[in-house]
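Worksheet: the structure to be examined is printed underneath.
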Amino acid sequence: MNIRTIDWKNNKVRIIDQTKLPQKLVYLNIGRLKDLWQAIKILRVRGAPALGAAAALGVYLGVRDYSGNDWPGFKRKLEAAAKYIAGSRPTARNLFWGIERACEAALQNKEKPVPEIKQAVLEEAKKIMREDASSCRKIGYYGAGLLKPESNVLTICNAGILATIDYGTALGVVYSACALGKKVKVFSCETRPLLQGSRLSAWELSKQGVDVTMIADNTAAWLMANQKVDLVIAGADRIVANGDSANKIGTLNLAVLCRHHKIPFYIAAPSSTFDLRLKSGREIKIEMRNPQEVARILLKKTVAPEKARIINPAFDVTPHQLISAIITDKGIIRGPYIKNIRKTLKEK
């Protein structure tokens, strides 16, 4: 892939500024934790797997300048950095997983000199990036088998290259199927209010030579009713023990439509997105974002009365009963999810 969403270059976090797409492809080089926090908060970098890497790199940025030589002092700095980056966005499991991985790497090396502990944190962040690239390829491999030689796939938001390190999750399935010679057409929901489906998914799919058609979110039912959709694949920001999955707001709408029209609805996500400490989707904390994202198109053109009441949840939760299968880097998981999620993640 010739697009790299997040990387470590010249001692800085290098990201694509996704708020500039599709008009401009702009890279940012971030060397301070507070700047990375801001980039995560305003979606310059986004997507659950990419946030795992960003969070781990953020922990490193938070401890890099610690000048002491003692573990207790370093640990306080580490914990402060972890807490700070965790406050950027609350829903994506991978963000917290990345923090945990970075902190665990420090803990495992606490007997070493502080410079070596710092290096261990950085190496863990790099390892997360390598692992995610591999995971995405595996998701693509397993998921491609679900597509027929000719398939019309509908997706929402962006679960592709721009949301991961390498290949994407939901869109990784599409890329893998195309690589196998399958003829795939993608319908990309625009994904209001921040238009990740139109600004990001349609952009990267076209860059990769995939046949993509953008639609308004409320066109999905019409497509399904007219038998123009064979399956829906969405990403996930957190999947809990019973299979309930949180993803971009509007995903639940698609799952309900799929059930009515008897269309398979799939979730694609790496094992790092699973949070088995939570029993059901009711326990997932949903991020509530700035109402102005709804009141204005991309925070520019006003499209609502000045004092209109607005609610702007970033995610919704799709109940496991509406999910045909979950495509993971460990294989395809089908119901009963409570049993098969644990079995698949443990076995592999």
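Every chain in the structure tokens has a letter given in the order shown (A, B, ...), and although residue numbers restart at 1 in each chain, ligands are simply numbered from 1 in the order shown.
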
Please identify all polymer residues within 9 Å of segment 117-120 of chain A, counting only C-alpha atoms, omitting same-chain residues fewer than 6 positions from it, and present them as a PDB file with N, CA, C and O atoms, in the first residue's frame.
```pdb
ATOM      1  N   TYR A  60       5.022   7.024  24.784  1.00  0.00           N
ATOM      2  CA  TYR A  60       6.463   7.261  24.632  1.00  0.00           C
ATOM      3  C   TYR A  60       6.776   8.751  24.609  1.00  0.00           C
ATOM      4  O   TYR A  60       7.719   9.208  25.270  1.00  0.00           O
ATOM      5  N   VAL A  63       6.946  10.217  28.061  1.00  0.00           N
ATOM      6  CA  VAL A  63       8.051   9.882  28.980  1.00  0.00           C
ATOM      7  C   VAL A  63       9.420  10.177  28.386  1.00  0.00           C
ATOM      8  O   VAL A  63      10.431  10.104  29.084  1.00  0.00           O
ATOM      9  N   ARG A  64       9.461  10.514  27.107  1.00  0.00           N
ATOM     10  CA  ARG A  64      10.742  10.645  26.422  1.00  0.00           C
ATOM     11  C   ARG A  64      11.668  11.657  27.074  1.00  0.00           C
ATOM     12  O   ARG A  64      12.884  11.444  27.153  1.00  0.00           O
ATOM     13  N   ALA A 102       2.071  -0.387  26.095  1.00  0.00           N
ATOM     14  CA  ALA A 102       3.226   0.472  26.329  1.00  0.00           C
ATOM     15  C   ALA A 102       3.624   0.474  27.800  1.00  0.00           C
ATOM     16  O   ALA A 102       4.815   0.382  28.138  1.00  0.00           O
ATOM     17  N   ALA A 105       5.238  -2.823  28.793  1.00  0.00           N
ATOM     18  CA  ALA A 105       6.625  -2.914  28.322  1.00  0.00           C
ATOM     19  C   ALA A 105       7.561  -2.201  29.288  1.00  0.00           C
ATOM     20  O   ALA A 105       8.662  -2.677  29.565  1.00  0.00           O
ATOM     21  N   ALA A 106       7.117  -1.053  29.805  1.00  0.00           N
ATOM     22  CA  ALA A 106       7.926  -0.332  30.796  1.00  0.00           C
ATOM     23  C   ALA A 106       8.068  -1.146  32.070  1.00  0.00           C
ATOM     24  O   ALA A 106       9.170  -1.273  32.634  1.00  0.00           O
ATOM     25  N   LEU A 107       6.961  -1.720  32.513  1.00  0.00           N
ATOM     26  CA  LEU A 107       6.983  -2.501  33.749  1.00  0.00           C
ATOM     27  C   LEU A 107       7.909  -3.708  33.641  1.00  0.00           C
ATOM     28  O   LEU A 107       8.648  -4.030  34.584  1.00  0.00           O
ATOM     29  N   GLN A 108       7.900  -4.356  32.499  1.00  0.00           N
ATOM     30  CA  GLN A 108       8.744  -5.530  32.296  1.00  0.00           C
ATOM     31  C   GLN A 108      10.228  -5.191  32.294  1.00  0.00           C
ATOM     32  O   GLN A 108      11.065  -6.077  32.468  1.00  0.00           O
ATOM     33  N   ASN A 109      10.539  -3.935  32.110  1.00  0.00           N
ATOM     34  CA  ASN A 109      11.943  -3.508  32.037  1.00  0.00           C
ATOM     35  C   ASN A 109      12.336  -2.554  33.165  1.00  0.00           C
ATOM     36  O   ASN A 109      13.334  -1.844  33.060  1.00  0.00           O
ATOM     37  N   LYS A 110      11.555  -2.553  34.235  1.00  0.00           N
ATOM     38  CA  LYS A 110      11.747  -1.548  35.278  1.00  0.00           C
ATOM     39  C   LYS A 110      13.088  -1.657  35.999  1.00  0.00           C
ATOM     40  O   LYS A 110      13.524  -0.698  36.627  1.00  0.00           O
ATOM     41  N   GLU A 111      13.744  -2.810  35.931  1.00  0.00           N
ATOM     42  CA  GLU A 111      15.038  -2.971  36.591  1.00  0.00           C
ATOM     43  C   GLU A 111      16.177  -2.388  35.765  1.00  0.00           C
ATOM     44  O   GLU A 111      17.307  -2.271  36.236  1.00  0.00           O
TER      45      GLU A 111
END
```

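Neighbouring residues of Ala177 of chain A at 8 Å or closer, counting only C-alpha atoms and skipping chain neighbours under 6 positions away, are Gly140, Tyr141, Ala144, Gly145, Leu147, Lys183 and Val184 of chain A.
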
Closest atom pairs, residues of segment 147-258 of chain A within 10 Å of segment 325-340 of chain A, only C-alpha atoms, as JSON lines:
```
{"residue": "A:Thr169", "atom": "CA", "partner": "A:Thr328", "partner_atom": "CA", "distance": 8.4}
{"residue": "A:Ala170", "atom": "CA", "partner": "A:Ile327", "partner_atom": "CA", "distance": 8.6}
{"residue": "A:Val173", "atom": "CA", "partner": "A:Ile327", "partner_atom": "CA", "distance": 9.0}
{"residue": "A:Ile233", "atom": "CA", "partner": "A:Ile327", "partner_atom": "CA", "distance": 9.2}
{"residue": "A:Ala234", "atom": "CA", "partner": "A:Ile326", "partner_atom": "CA", "distance": 9.7}
{"residue": "A:Gly235", "atom": "CA", "partner": "A:Ile327", "partner_atom": "CA", "distance": 9.5}
{"residue": "A:Ala236", "atom": "CA", "partner": "A:Ile326", "partner_atom": "CA", "distance": 9.8}
{"residue": "A:Ile239", "atom": "CA", "partner": "A:Ile326", "partner_atom": "CA", "distance": 9.5}
{"residue": "A:Val240", "atom": "CA", "partner": "A:Ile338", "partner_atom": "CA", "distance": 9.1}
{"residue": "A:Ala241", "atom": "CA", "partner": "A:Ile338", "partner_atom": "CA", "distance": 5.7}
{"residue": "A:Asn242", "atom": "CA", "partner": "A:Ile338", "partner_atom": "CA", "distance": 4.6}
{"residue": "A:Gly243", "atom": "CA", "partner": "A:Tyr337", "partner_atom": "CA", "distance": 5.5}
{"residue": "A:Asp244", "atom": "CA", "partner": "A:Tyr337", "partner_atom": "CA", "distance": 9.0}
{"residue": "A:Ser245", "atom": "CA", "partner": "A:Ile326", "partner_atom": "CA", "distance": 9.5}
```

Residue set, segment 144-294 of chain A restricted to strand (DSSP E), as a PyMOL selection string: chain A and resi 150-155+183-189+211-215+231-234+238-240+245-248+265-268+274-275

Could you give me the residues within segment 162-302 of chain A that DSSP places in helix (DSSP H, G or I), as a PyMOL selection string? chain A and resi 162-163+170-179+196-207+217-225+251-261+271-273+281-283+292-295

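Taking atom CA of Lys75 of chain A as the reference point, atom CA of Glu104 of chain A is found at 11.1 Å.
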
What's around segment 212-220 of chain A at 6 Å? Count only C-alpha atoms, leave out sequence neighbours fewer than 2 positions away in its own chain, and write the answer as a list in words. Lys185, Val186, Phe187, Ser188, Cys189, Glu190, Val210, Trp222 and Leu223 of chain A

Write the selection just made, keeping C-alpha atoms, as a compact mmCIF listing (two decimals), in the first residue's frame?
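The result, stored in again.txt:
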```txt
# COMPACT_ATOMS: atom_id res chain seq x y z
CA LYS A 185 -18.24 -2.92 -6.22
CA VAL A 186 -18.39 -0.87 -3.04
CA PHE A 187 -21.16 1.45 -1.91
CA SER A 188 -19.74 3.86 0.66
CA CYS A 189 -22.23 5.57 2.98
CA GLU A 190 -21.25 9.22 3.40
CA VAL A 210 -11.64 -0.18 -6.53
CA TRP A 222 -33.29 1.91 -1.26
CA LEU A 223 -30.24 0.02 -2.48
```

Within 8 Å of segment 291-295 of chain A, counting only C-alpha atoms, which residues show up once you throw out same-chain ones fewer than 6 positions away? Write them as an mmCIF file with N, CA and C atoms, in the first residue's frame, please.
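Generated output (selection-v8.cif):
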```
data_model
loop_
_atom_site.group_PDB
_atom_site.id
_atom_site.type_symbol
_atom_site.label_atom_id
_atom_site.label_comp_id
_atom_site.auth_asym_id
_atom_site.auth_seq_id
_atom_site.Cartn_x
_atom_site.Cartn_y
_atom_site.Cartn_z
ATOM 1 N N ARG A 192 -22.553 10.781 7.953
ATOM 2 C CA ARG A 192 -22.747 12.027 8.683
ATOM 3 C C ARG A 192 -22.483 11.794 10.168
ATOM 4 N N PRO A 193 -22.002 12.816 10.901
ATOM 5 C CA PRO A 193 -21.859 14.194 10.439
ATOM 6 C C PRO A 193 -20.481 14.566 9.868
ATOM 7 N N LEU A 194 -19.465 13.723 10.050
ATOM 8 C CA LEU A 194 -18.117 14.120 9.641
ATOM 9 C C LEU A 194 -17.670 13.492 8.331
ATOM 10 N N THR A 302 -23.268 26.457 8.266
ATOM 11 C CA THR A 302 -24.333 26.218 9.231
ATOM 12 C C THR A 302 -25.578 25.679 8.534
ATOM 13 N N VAL A 303 -26.133 24.592 9.085
ATOM 14 C CA VAL A 303 -27.315 23.970 8.492
ATOM 15 C C VAL A 303 -28.416 23.744 9.524
ATOM 16 N N ALA A 304 -28.317 24.415 10.683
ATOM 17 C CA ALA A 304 -29.317 24.251 11.738
ATOM 18 C C ALA A 304 -29.590 25.602 12.389
ATOM 19 N N PRO A 305 -30.794 25.780 12.948
ATOM 20 C CA PRO A 305 -31.067 27.017 13.682
ATOM 21 C C PRO A 305 -30.076 27.206 14.822
ATOM 22 N N ILE A 310 -29.296 19.529 19.913
ATOM 23 C CA ILE A 310 -28.572 18.547 19.106
ATOM 24 C C ILE A 310 -27.969 17.486 20.008
ATOM 25 N N ILE A 311 -28.063 16.237 19.590
ATOM 26 C CA ILE A 311 -27.351 15.150 20.269
ATOM 27 C C ILE A 311 -26.428 14.517 19.237
ATOM 28 N N ASN A 312 -25.196 14.272 19.624
ATOM 29 C CA ASN A 312 -24.185 13.839 18.648
ATOM 30 C C ASN A 312 -23.340 12.683 19.186
#
```

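Comparing A:Arg93, A:Lys12, A:His261, A:Lys138 by their smallest distance to Asn247 of chain A, the closest is A:Arg93 (using only C-alpha atoms).
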
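The shortest atom-to-atom distance to Lys248 of chain A, with only C-alpha atoms taken into account, belongs to A:Thr191 out of A:Thr164, A:Gln38, A:Ser67, A:Thr191.
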
Near Ala225 of chain A, counting only C-alpha atoms, which residues have an atom at most 12 Å away, once you skip same-chain residues fewer than 5 positions from it, shown as an NGL selection string? :A and (219-220 or 230 or 257-263)

Output N, CA, C and O atoms for every residue in the selection just made, as a PDB file, in the first residue's frame.
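File produced: result-v7.pdb:
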```
ATOM      1  N   THR A 219     -29.745   6.439   1.724  1.00  0.00           N
ATOM      2  CA  THR A 219     -29.963   5.718   0.466  1.00  0.00           C
ATOM      3  C   THR A 219     -29.798   4.207   0.641  1.00  0.00           C
ATOM      4  O   THR A 219     -30.191   3.420  -0.225  1.00  0.00           O
ATOM      5  N   ALA A 220     -29.244   3.784   1.767  1.00  0.00           N
ATOM      6  CA  ALA A 220     -28.932   2.365   1.966  1.00  0.00           C
ATOM      7  C   ALA A 220     -30.159   1.474   1.832  1.00  0.00           C
ATOM      8  O   ALA A 220     -30.106   0.423   1.181  1.00  0.00           O
ATOM      9  N   ASP A 230     -25.151  -7.077  -1.776  1.00  0.00           N
ATOM     10  CA  ASP A 230     -25.020  -8.498  -1.451  1.00  0.00           C
ATOM     11  C   ASP A 230     -24.644  -8.727   0.008  1.00  0.00           C
ATOM     12  O   ASP A 230     -25.016  -9.741   0.599  1.00  0.00           O
ATOM     13  N   LEU A 257     -31.540  -2.908   8.801  1.00  0.00           N
ATOM     14  CA  LEU A 257     -31.963  -3.011   7.403  1.00  0.00           C
ATOM     15  C   LEU A 257     -31.567  -4.351   6.803  1.00  0.00           C
ATOM     16  O   LEU A 257     -32.328  -4.956   6.033  1.00  0.00           O
ATOM     17  N   CYS A 258     -30.370  -4.812   7.142  1.00  0.00           N
ATOM     18  CA  CYS A 258     -29.922  -6.117   6.631  1.00  0.00           C
ATOM     19  C   CYS A 258     -30.818  -7.243   7.114  1.00  0.00           C
ATOM     20  O   CYS A 258     -31.143  -8.163   6.347  1.00  0.00           O
ATOM     21  N   ARG A 259     -31.209  -7.196   8.372  1.00  0.00           N
ATOM     22  CA  ARG A 259     -32.079  -8.246   8.892  1.00  0.00           C
ATOM     23  C   ARG A 259     -33.410  -8.261   8.136  1.00  0.00           C
ATOM     24  O   ARG A 259     -33.925  -9.337   7.765  1.00  0.00           O
ATOM     25  N   HIS A 260     -33.954  -7.088   7.878  1.00  0.00           N
ATOM     26  CA  HIS A 260     -35.240  -7.015   7.169  1.00  0.00           C
ATOM     27  C   HIS A 260     -35.113  -7.535   5.737  1.00  0.00           C
ATOM     28  O   HIS A 260     -36.005  -8.244   5.240  1.00  0.00           O
ATOM     29  N   HIS A 261     -34.006  -7.203   5.077  1.00  0.00           N
ATOM     30  CA  HIS A 261     -33.830  -7.576   3.673  1.00  0.00           C
ATOM     31  C   HIS A 261     -33.079  -8.898   3.488  1.00  0.00           C
ATOM     32  O   HIS A 261     -32.769  -9.284   2.356  1.00  0.00           O
ATOM     33  N   LYS A 262     -32.789  -9.569   4.601  1.00  0.00           N
ATOM     34  CA  LYS A 262     -32.112 -10.874   4.568  1.00  0.00           C
ATOM     35  C   LYS A 262     -30.749 -10.791   3.860  1.00  0.00           C
ATOM     36  O   LYS A 262     -30.414 -11.616   3.000  1.00  0.00           O
ATOM     37  N   ILE A 263     -29.978  -9.788   4.251  1.00  0.00           N
ATOM     38  CA  ILE A 263     -28.640  -9.556   3.708  1.00  0.00           C
ATOM     39  C   ILE A 263     -27.618  -9.801   4.819  1.00  0.00           C
ATOM     40  O   ILE A 263     -27.808  -9.335   5.954  1.00  0.00           O
TER      41      ILE A 263
END
```

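Taking only C-alpha atoms into account, Gly168 of chain A lies nearest to A:Asp132 out of the set A:Glu150, A:Glu79, A:Glu283, A:Asp132.
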
Can you work out which one of A:Ser324, A:Asn158, A:Gln227, A:Asn10 has the shortest atom-to-atom distance to Glu204 of chain A, counting only C-alpha atoms? A:Asn158

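For the pair atom CA of Leu195 of chain A and atom CA of Gly181 of chain A, the interatomic distance is 29.6 Å.
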
Out of A:Asp237, A:Glu116, A:Asp35, A:Asp316, which residue has the shortest atom-to-atom distance to Leu252 of chain A when counting only C-alpha atoms? A:Asp316

Between A:Gly160, A:Gln208, A:Ile16, A:Thr5, single out the one closest to Ala179 of chain A, counting only C-alpha atoms. A:Gln208
